[in-house]
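Have a look at structure-v7.cif; it's mmCIF, C-alpha atoms and all ligand atoms:
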data_input
#
loop_
_atom_site.label_atom_id
_atom_site.label_comp_id
_atom_site.auth_asym_id
_atom_site.auth_seq_id
_atom_site.Cartn_x
_atom_site.Cartn_y
_atom_site.Cartn_z
CA MET A 13 -62.92 83.57 23.95
CA PHE A 14 -60.83 81.62 26.36
CA GLY A 15 -62.24 78.33 25.09
CA ALA A 16 -61.49 79.21 21.47
CA LYS A 17 -57.98 80.31 22.33
CA ALA A 18 -57.27 77.19 24.31
CA LYS A 19 -58.54 75.04 21.45
CA PHE A 20 -56.35 76.97 19.00
CA LYS A 21 -53.32 76.42 21.19
CA ALA A 22 -54.09 72.74 21.51
CA LYS A 23 -54.29 72.49 17.73
CA GLN A 24 -50.85 73.97 17.22
CA TRP A 25 -49.41 71.70 19.82
CA ILE A 26 -50.90 68.72 18.08
CA VAL A 27 -49.41 69.73 14.73
CA ALA A 28 -45.92 69.84 16.09
CA LEU A 29 -46.39 66.75 18.14
CA SER A 30 -47.76 64.89 15.16
CA ILE A 31 -44.56 65.57 13.25
CA ALA A 32 -42.59 63.94 16.02
CA LEU A 33 -45.14 61.20 16.45
CA VAL A 34 -45.37 60.12 12.84
CA THR A 35 -41.59 60.20 12.56
CA PHE A 36 -41.38 57.77 15.45
CA VAL A 37 -44.04 55.58 13.96
CA GLY A 38 -42.04 55.38 10.75
CA VAL A 39 -38.89 54.48 12.60
CA THR A 40 -40.35 51.72 14.67
CA GLY A 41 -42.26 50.29 11.78
CA TRP A 42 -45.60 50.49 13.51
CA GLN A 43 -48.57 49.68 11.38
CA ASN A 44 -51.23 52.20 10.50
CA ASN A 45 -53.67 51.05 13.15
CA SER A 46 -51.09 51.94 15.77
CA ILE A 47 -50.78 55.42 14.29
CA ALA A 48 -54.53 55.78 14.51
CA ASP A 49 -54.49 54.56 18.12
CA ALA A 50 -51.84 57.06 19.06
CA VAL A 51 -53.48 59.91 17.23
CA ALA A 52 -56.86 59.13 18.78
CA GLN A 53 -55.37 59.88 22.13
CA THR A 54 -54.75 63.50 21.24
CA SER A 55 -57.38 64.41 18.64
CA THR A 56 -59.34 62.94 15.79
CA ALA A 57 -57.28 61.79 12.85
CA THR A 58 -59.28 63.97 10.49
CA GLU A 59 -58.65 67.10 12.48
CA LEU A 60 -54.98 66.29 12.73
CA GLN A 61 -54.67 65.75 9.00
CA THR A 62 -56.48 68.98 8.21
CA ILE A 63 -54.16 70.93 10.43
CA ALA A 64 -51.04 69.18 9.18
CA GLN A 65 -51.94 69.89 5.57
CA ALA A 66 -53.26 73.41 6.03
CA PRO A 67 -50.99 75.51 3.86
CA ALA A 68 -49.38 78.54 5.34
CA LYS A 69 -50.60 81.49 3.33
CA PRO A 70 -48.18 84.33 3.15
CA GLU A 71 -50.06 85.76 0.17
CA GLY A 72 -48.99 88.47 -2.20
CA ASN A 73 -46.23 90.49 -0.67
CA VAL A 74 -43.31 88.94 1.02
CA ASN A 75 -44.59 88.74 4.54
CA LEU A 76 -41.97 87.23 6.75
CA GLN A 77 -43.69 88.46 9.87
CA ALA A 78 -46.85 86.46 9.15
CA ALA A 79 -44.67 83.38 8.85
CA GLY A 80 -42.91 84.09 12.14
CA LEU A 81 -39.61 84.63 10.34
CA LYS A 82 -36.81 87.15 10.70
CA LEU A 83 -34.20 87.71 8.03
CA GLN A 84 -30.72 87.85 9.55
CA GLU A 85 -27.54 88.73 7.66
CA LEU A 86 -24.56 86.70 8.89
CA GLY A 87 -22.02 87.85 6.35
CA LYS A 88 -21.97 89.41 2.91
CA GLY A 89 -24.58 87.49 0.94
CA VAL A 90 -25.19 84.92 3.68
CA TYR A 91 -28.56 85.02 5.40
CA ALA A 92 -30.72 83.01 7.75
CA LEU A 93 -34.50 83.08 7.92
CA VAL A 94 -34.94 82.42 11.62
CA SER A 95 -38.22 80.96 12.85
CA SER A 96 -39.86 81.96 16.11
CA TYR A 97 -42.10 78.87 16.08
CA ASP A 98 -42.80 77.01 19.30
CA PHE A 99 -45.38 74.41 20.27
CA GLY A 100 -48.52 76.49 20.68
CA GLY A 101 -47.38 79.06 18.12
CA ASP A 102 -49.22 80.28 15.03
CA SER A 103 -50.04 77.52 12.50
CA ASN A 104 -48.90 79.79 9.63
CA TYR A 105 -45.43 79.96 11.11
CA ALA A 106 -42.48 78.29 9.46
CA ILE A 107 -41.33 75.55 11.84
CA CYS A 108 -37.62 75.41 10.96
CA ASN A 109 -34.92 77.90 9.94
CA ALA A 110 -33.82 78.39 6.34
CA GLY A 111 -30.61 79.67 4.77
CA ILE A 112 -29.78 81.81 1.76
CA ILE A 113 -26.25 81.83 0.31
CA ILE A 114 -25.59 84.20 -2.59
CA GLY A 115 -22.62 83.80 -4.92
CA SER A 116 -21.56 85.72 -8.02
CA GLU A 117 -23.51 83.37 -10.30
CA GLY A 118 -26.32 82.00 -8.24
CA VAL A 119 -27.97 81.22 -4.94
CA LEU A 120 -28.31 78.17 -2.68
CA VAL A 121 -31.43 77.99 -0.51
CA ILE A 122 -31.23 75.71 2.52
CA ASP A 123 -34.39 73.99 3.88
CA PRO A 124 -37.49 75.40 2.13
CA PHE A 125 -39.76 74.96 5.19
CA GLN A 126 -42.80 72.70 5.57
CA THR A 127 -45.07 73.94 2.77
CA PRO A 128 -44.69 75.14 -0.85
CA ALA A 129 -46.23 78.48 0.18
CA LEU A 130 -43.46 79.02 2.72
CA ALA A 131 -40.85 77.91 0.18
CA ASP A 132 -42.23 80.53 -2.22
CA LEU A 133 -41.83 83.05 0.57
CA ALA A 134 -38.17 82.07 0.92
CA PHE A 135 -37.68 82.35 -2.85
CA ALA A 136 -39.41 85.74 -2.90
CA THR A 137 -37.09 86.86 -0.13
CA VAL A 138 -34.10 85.87 -2.29
CA LYS A 139 -35.46 88.16 -5.01
CA THR A 140 -35.40 91.09 -2.61
CA LEU A 141 -31.70 90.43 -1.97
CA THR A 142 -30.28 89.64 -5.42
CA ASP A 143 -31.17 89.20 -9.08
CA LYS A 144 -29.04 86.04 -9.28
CA PRO A 145 -30.95 82.82 -9.97
CA ILE A 146 -31.57 80.14 -7.33
CA LYS A 147 -29.32 77.31 -8.49
CA TYR A 148 -30.01 74.69 -5.83
CA VAL A 149 -32.17 73.90 -2.84
CA LEU A 150 -30.60 71.79 -0.09
CA ASN A 151 -32.50 69.54 2.31
CA THR A 152 -30.36 69.20 5.45
CA HIS A 153 -32.36 66.00 6.12
CA TYR A 154 -35.62 64.36 5.11
CA HIS A 155 -38.05 65.48 7.86
CA LEU A 156 -41.15 67.24 6.58
CA ASP A 157 -40.60 70.52 8.42
CA HIS A 158 -37.48 70.99 6.22
CA THR A 159 -38.70 69.41 2.97
CA GLY A 160 -42.44 70.05 2.64
CA GLY A 161 -41.64 73.12 0.54
CA ASN A 162 -39.75 71.07 -2.08
CA PRO A 163 -42.62 71.01 -4.64
CA ALA A 164 -42.23 74.78 -5.04
CA ALA A 165 -38.59 74.24 -6.05
CA ARG A 166 -39.52 71.41 -8.41
CA LYS A 167 -42.11 73.67 -10.06
CA LEU A 168 -39.40 76.22 -10.79
CA GLY A 169 -37.01 73.55 -12.08
CA ILE A 170 -34.53 74.08 -9.25
CA PRO A 171 -32.52 70.94 -8.41
CA ILE A 172 -33.02 69.70 -4.84
CA ILE A 173 -30.05 68.18 -3.02
CA GLY A 174 -30.32 65.54 -0.31
CA ARG A 175 -28.25 62.77 1.21
CA GLY A 176 -28.26 59.05 1.81
CA LEU A 177 -31.52 57.12 1.58
CA ILE A 178 -33.56 60.31 1.30
CA ARG A 179 -35.26 59.31 -1.96
CA GLU A 180 -36.20 55.94 -0.47
CA TYR A 181 -37.61 57.70 2.60
CA PHE A 182 -39.70 59.95 0.35
CA ALA A 183 -40.90 56.96 -1.70
CA SER A 184 -42.00 55.09 1.42
CA ARG A 185 -43.29 58.29 3.06
CA ARG A 186 -41.29 57.53 6.13
CA GLY A 187 -42.09 59.18 9.44
CA SER A 188 -43.26 62.77 9.20
CA LEU A 189 -43.64 62.47 5.40
CA SER A 190 -46.53 60.03 5.84
CA GLY A 191 -49.19 62.63 6.58
CA ALA A 192 -48.07 65.18 3.98
CA GLY A 193 -49.71 66.10 0.70
CA GLU A 194 -47.65 66.51 -2.47
CA LEU A 195 -43.96 65.76 -2.02
CA ALA A 196 -40.90 66.29 -4.20
CA ALA A 197 -37.90 64.12 -3.43
CA PRO A 198 -34.38 65.46 -3.95
CA ASP A 199 -33.04 64.76 -7.44
CA LEU A 200 -29.38 65.21 -6.53
CA VAL A 201 -28.26 62.72 -3.90
CA ILE A 202 -24.85 63.16 -2.33
CA ASN A 203 -23.17 60.27 -0.57
CA ALA A 204 -19.83 61.94 0.09
CA ASP A 205 -18.73 65.36 1.25
CA THR A 206 -19.33 67.70 -1.68
CA GLU A 207 -18.32 71.18 -2.86
CA ILE A 208 -20.64 73.57 -4.65
CA TYR A 209 -19.43 76.72 -6.37
CA LEU A 210 -21.96 79.52 -6.74
CA GLY A 211 -19.64 81.35 -9.11
CA ASP A 212 -16.94 82.75 -6.86
CA ARG A 213 -18.38 81.38 -3.66
CA LEU A 214 -17.68 77.92 -2.28
CA VAL A 215 -20.17 76.04 -0.13
CA GLN A 216 -19.02 72.79 1.47
CA LEU A 217 -21.62 70.12 2.12
CA LYS A 218 -20.57 67.62 4.77
CA ARG A 219 -22.25 64.54 6.12
CA ALA A 220 -23.26 64.48 9.76
CA GLU A 221 -24.87 61.71 11.79
CA GLY A 222 -27.35 61.23 14.55
CA HIS A 223 -30.58 63.13 13.92
CA SER A 224 -32.35 61.62 10.93
CA SER A 225 -31.24 58.09 10.06
CA GLY A 226 -28.39 58.88 7.69
CA THR A 227 -29.71 61.92 5.81
CA ASP A 228 -28.12 64.75 7.83
CA VAL A 229 -25.98 67.25 5.91
CA VAL A 230 -24.35 70.45 7.15
CA ALA A 231 -23.37 73.35 4.87
CA TYR A 232 -20.35 75.58 5.50
CA VAL A 233 -19.45 78.84 3.78
CA PRO A 234 -15.68 79.17 4.34
CA ASP A 235 -15.25 82.78 3.21
CA ALA A 236 -17.94 83.97 5.65
CA LYS A 237 -17.34 81.30 8.32
CA VAL A 238 -21.02 80.45 8.57
CA LEU A 239 -22.18 76.89 9.34
CA PHE A 240 -25.74 75.73 8.64
CA THR A 241 -26.18 72.63 10.80
CA GLY A 242 -29.77 71.61 10.09
CA ASP A 243 -31.14 69.68 13.05
CA ILE A 244 -27.75 68.61 14.36
CA VAL A 245 -28.31 71.72 16.48
CA PHE A 246 -31.53 72.76 18.22
CA SER A 247 -30.52 76.05 19.82
CA LYS A 248 -32.22 76.65 23.21
CA THR A 249 -34.78 74.14 21.99
CA ILE A 250 -35.47 70.56 23.14
CA PRO A 251 -34.23 68.36 20.27
CA PHE A 252 -36.35 65.77 18.53
CA VAL A 253 -34.40 62.55 19.09
CA GLY A 254 -37.03 59.94 18.17
CA ASP A 255 -35.45 59.26 14.76
CA GLY A 256 -31.90 59.61 16.01
CA ASP A 257 -28.92 57.97 17.61
CA ILE A 258 -27.71 60.14 20.46
CA ARG A 259 -24.15 58.77 20.59
CA GLN A 260 -23.64 59.23 16.86
CA TRP A 261 -25.11 62.70 17.23
CA GLN A 262 -22.63 63.47 20.03
CA GLY A 263 -19.82 62.32 17.74
CA SER A 264 -20.91 64.72 15.02
CA LEU A 265 -21.16 67.60 17.50
CA TYR A 266 -17.64 66.83 18.71
CA ARG A 267 -16.36 66.87 15.13
CA LEU A 268 -18.15 70.13 14.27
CA ILE A 269 -16.84 71.84 17.40
CA THR A 270 -13.25 70.93 16.58
CA THR A 271 -13.59 71.72 12.85
CA TYR A 272 -15.51 75.01 13.12
CA PRO A 273 -14.56 76.59 16.46
CA ASP A 274 -15.07 80.16 15.23
CA ALA A 275 -18.05 79.77 12.90
CA GLN A 276 -21.38 81.50 13.22
CA VAL A 277 -23.95 78.73 13.46
CA VAL A 278 -27.45 78.60 11.97
CA PRO A 279 -29.27 75.74 13.71
CA GLY A 280 -32.27 73.82 12.35
CA HIS A 281 -34.42 75.27 15.13
CA GLY A 282 -33.87 78.18 17.52
CA GLY A 283 -31.83 81.36 17.18
CA THR A 284 -28.46 81.70 15.46
CA THR A 285 -25.51 80.86 17.66
CA ASP A 286 -21.83 79.86 17.51
CA VAL A 287 -19.63 77.15 19.00
CA LYS A 288 -21.47 77.73 22.28
CA GLY A 289 -24.67 76.43 20.69
CA LEU A 290 -22.85 73.27 19.60
CA GLN A 291 -21.44 72.85 23.11
CA GLU A 292 -24.84 73.41 24.70
CA GLN A 293 -26.32 70.71 22.50
CA GLN A 294 -23.48 68.43 23.54
CA ALA A 295 -24.04 69.24 27.23
CA PHE A 296 -27.76 68.55 26.90
CA PHE A 297 -27.03 65.06 25.58
CA SER A 298 -24.33 64.46 28.22
CA ASP A 299 -26.88 65.31 30.92
CA LEU A 300 -29.38 62.99 29.29
CA GLU A 301 -26.82 60.19 29.16
CA LYS A 302 -25.86 60.67 32.82
CA LEU A 303 -29.52 60.55 33.75
CA ALA A 304 -30.09 57.38 31.73
CA LEU A 305 -27.01 55.67 33.20
CA SER A 306 -28.24 56.50 36.70
CA TRP A 307 -31.56 54.83 35.84
CA LYS A 308 -29.64 51.83 34.65
CA ALA A 309 -27.58 51.68 37.85
CA GLN A 310 -30.80 51.77 39.89
CA GLY A 311 -32.34 49.06 37.72
CA LEU A 312 -35.40 51.17 36.89
CA THR A 313 -37.87 50.15 34.24
CA LYS A 314 -38.53 52.64 31.47
CA GLU A 315 -41.83 53.65 33.05
CA GLN A 316 -40.24 54.16 36.48
CA ALA A 317 -37.37 56.14 34.98
CA ILE A 318 -39.62 58.47 33.02
CA ALA A 319 -41.99 58.98 35.93
CA LYS A 320 -39.03 59.90 38.12
CA SER A 321 -37.36 62.33 35.71
CA SER A 322 -40.09 63.98 33.67
CA THR A 323 -39.48 67.49 35.03
CA ILE A 324 -37.26 69.50 32.70
CA PRO A 325 -33.95 70.25 34.47
CA ASP A 326 -33.27 73.88 35.37
CA PRO A 327 -30.73 74.70 32.63
CA TYR A 328 -33.38 73.79 30.01
CA LYS A 329 -36.45 75.39 31.61
CA ASP A 330 -36.61 78.20 29.05
CA TYR A 331 -36.12 75.97 26.02
CA LYS A 332 -38.71 75.77 23.25
CA PHE A 333 -40.36 72.48 22.18
CA LYS A 334 -40.72 71.36 25.82
CA PRO A 335 -43.24 68.60 25.07
CA LEU A 336 -40.42 66.73 23.34
CA TYR A 337 -38.68 66.25 26.68
CA ALA A 338 -40.99 64.07 28.72
CA SER A 339 -43.99 61.87 28.16
CA ALA A 340 -46.47 64.20 26.56
CA VAL A 341 -48.29 61.50 24.65
CA PRO A 342 -48.14 57.77 25.31
CA ARG A 343 -45.67 56.10 22.92
CA LEU A 344 -44.12 59.37 21.77
CA PRO A 345 -40.39 58.74 21.71
CA ASN A 346 -39.40 61.83 23.56
CA ASN A 347 -35.94 62.51 24.88
CA LEU A 348 -36.32 60.43 28.03
CA GLU A 349 -37.64 57.34 26.30
CA THR A 350 -35.01 57.48 23.59
CA ALA A 351 -32.27 57.99 26.18
CA TYR A 352 -33.54 55.04 28.18
CA GLU A 353 -33.58 52.77 25.17
CA GLN A 354 -30.25 53.85 23.71
CA PHE A 355 -28.19 54.14 26.87
CA SER A 356 -29.47 51.02 28.52
CA ARG A 357 -28.52 48.89 25.50
CA SER A 358 -24.90 48.81 26.50
CA SER A 359 -22.51 51.11 28.28
CA LEU A 360 -19.77 49.95 25.93
CA ILE A 361 -21.10 51.38 22.68
CA PRO A 362 -18.22 53.60 21.61
CA LEU A 363 -18.54 57.26 20.76
CA VAL A 364 -17.91 57.43 17.03
CA PRO A 365 -16.98 60.91 15.80
ZN ZN B 401 -36.53 70.01 12.14
#
Write the structure described by the file as structure tokens, please.
Ligand SMILES: [Zn+2]
Amino acid sequence: MFGAKAKFKAKQWIVALSIALVTFVGVTGWQNNSIADAVAQTSTATELQTIAQAPAKPEGNVNLQAAGLKLQELGKGVYALVSSYDFGGDSNYAICNAGIIIGSEGVLVIDPFQTPALADLAFATVKTLTDKPIKYVLNTHYHLDHTGGNPAARKLGIPIIGRGLIREYFASRRGSLSGAGELAAPDLVINADTEIYLGDRLVQLKRAEGHSSGTDVVAYVPDAKVLFTGDIVFSKTIPFVGDGDIRQWQGSLYRLITTYPDAQVVPGHGGTTDVKGLQEQQAFFSDLEKLALSWKAQGLTKEQAIAKSSTIPDPYKDYKFKPLYASAVPRLPNNLETAYEQFSRSSLIPLVP
């Protein structure tokens, strides 16, 4: 029993890690043989692919519990589907959080999870809340855990909104998209801040920077003061920074804190929060920057720096996604490696809000 359980846990860990890993591979432009090398160090490629593509099966009835989701009402007609996923969690669980915004004439669904089955679960949940049609699906960025459900939206003829080079990233199967099955790229690409009216209800879509190479979008519902940040916020969760730029990310957090000081916040991962969650994310990166600058002052190599600092600091001990902090797998661009690379480039790179 113990053996089977341990193996199961290892599998889940690998799934989540593989998302981070393949994203990094895409970013650095590694060739496929390097992916295979890296994967071979954790599991066989075949096993990894099988797990990554295994559809979550919330069959028949709407079964949020089986998907590790809780429906939370944040205001009239504004909901979050909050995931309890962590590395080592159930493979049927939705990895990210989703949002549901209901207006007088239609609904916007934010981030349809990592599989079409989970997207269908989100859509079925909408049906339990309103008879209004789903007018749009928004991808807060291109990563698979937020976009793998897109084919379910395409099948229903629901337009999918994304930002920046997102269609190009889908076409080239960048990063975490590389190991996925069927994909559906957004068909509405926004390259400026945008307003959507769901009948009487306004939703503002605003660009953010730092997490996903120019595809981050946040959504704000002014009348309910609810902000969906996508992965600009990982609440009580170690962020995935391997596809990001920490200083740009800090700039976006600064801007969101000053623009939405009294909003309820739905993060991409972790529980719902408010301005405190934005500040905690900011503090996490400040700590990481201080750490990296101390390495630089001591003239440490990347290997020395990581070896010296791989224990998660006390304030973050209870965070989810811990393997993203230190060197869990060789070559995985976890927080420490990314911090080393980005903060040792130059201490003069300005903070750009
Ligand atoms: Zn994510």
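Residue nearest A:Gln276, chosen from A:Tyr232, A:Tyr331, A:Phe297, A:Tyr148 and counting only C-alpha atoms: A:Tyr232.
Distances to A:Ala236 were evaluated for A:Cys108, A:Leu177, A:Ile113, A:Ala220 using only C-alpha atoms, and the minimum falls at A:Ile113.
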task: With all atoms listed in the file counted, collect every polymer residue having an atom within 10 Å of ligand ZN 401 (chain B); state the result as number ranges by chain.
output: A: 31-32, 107-109, 123, 125-126, 152-159, 223-224, 242-246, 251-252, 279-281
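Between atom CA of A:Asp205 and atom CA of A:Lys218 lies a distance of 4.6 Å.
A straight line drawn from atom CA of A:Lys248 to atom CA of A:Ala79 is 20.2 Å long.
You will find atom CA of A:Glu301 at 18.1 Å from atom CA of A:Lys334.
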message: Set the distance at 7 Å and use only C-alpha atoms: which residues neighbour A:Ser95 once local chain neighbours fewer than 2 positions away are removed? I'd like the list as JSON, numbers by chain.
response: {"A": [80, 81, 82, 93, 97, 106, 107, 108, 109, 282]}
- request: Find the residue from A:Leu303, A:Ala92, A:Val278, A:Leu130 that sits nearest to A:Tyr105; use only C-alpha atoms when measuring.
  value: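 Closest to A:Tyr105 of all the choices is A:Leu130.
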query: In terms of the shortest atom-to-atom distance over all atoms listed in the file, which of A:Gly115, A:Gly283, A:Gly100, A:Pro335 is closest to A:Arg213?
result: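 Answer, going by the shortest atom-to-atom distance: A:Gly115.
For A:Leu189, the non-local neighbours within 10 Å, defined as residues at least 2 positions apart in the same chain or in other chains and counting all atoms listed in the file, are Ile31, Val34, Thr35, Gly38, Tyr154, His155, Leu156, Asp157, Thr159, Gly160, Tyr181, Phe182, Ala183, Ser184, Arg185, Arg186, Gly187, Gly191, Ala192, Gly193, Glu194 and Leu195 of chain A.
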field: Shortest interatomic distance to A:Val121 - which of A:Ile170, A:Asp255, A:Lys332, A:Pro325, counting all atoms listed in the file
entry: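 Residue with the minimum atom-to-atom distance to A:Val121: A:Ile170.
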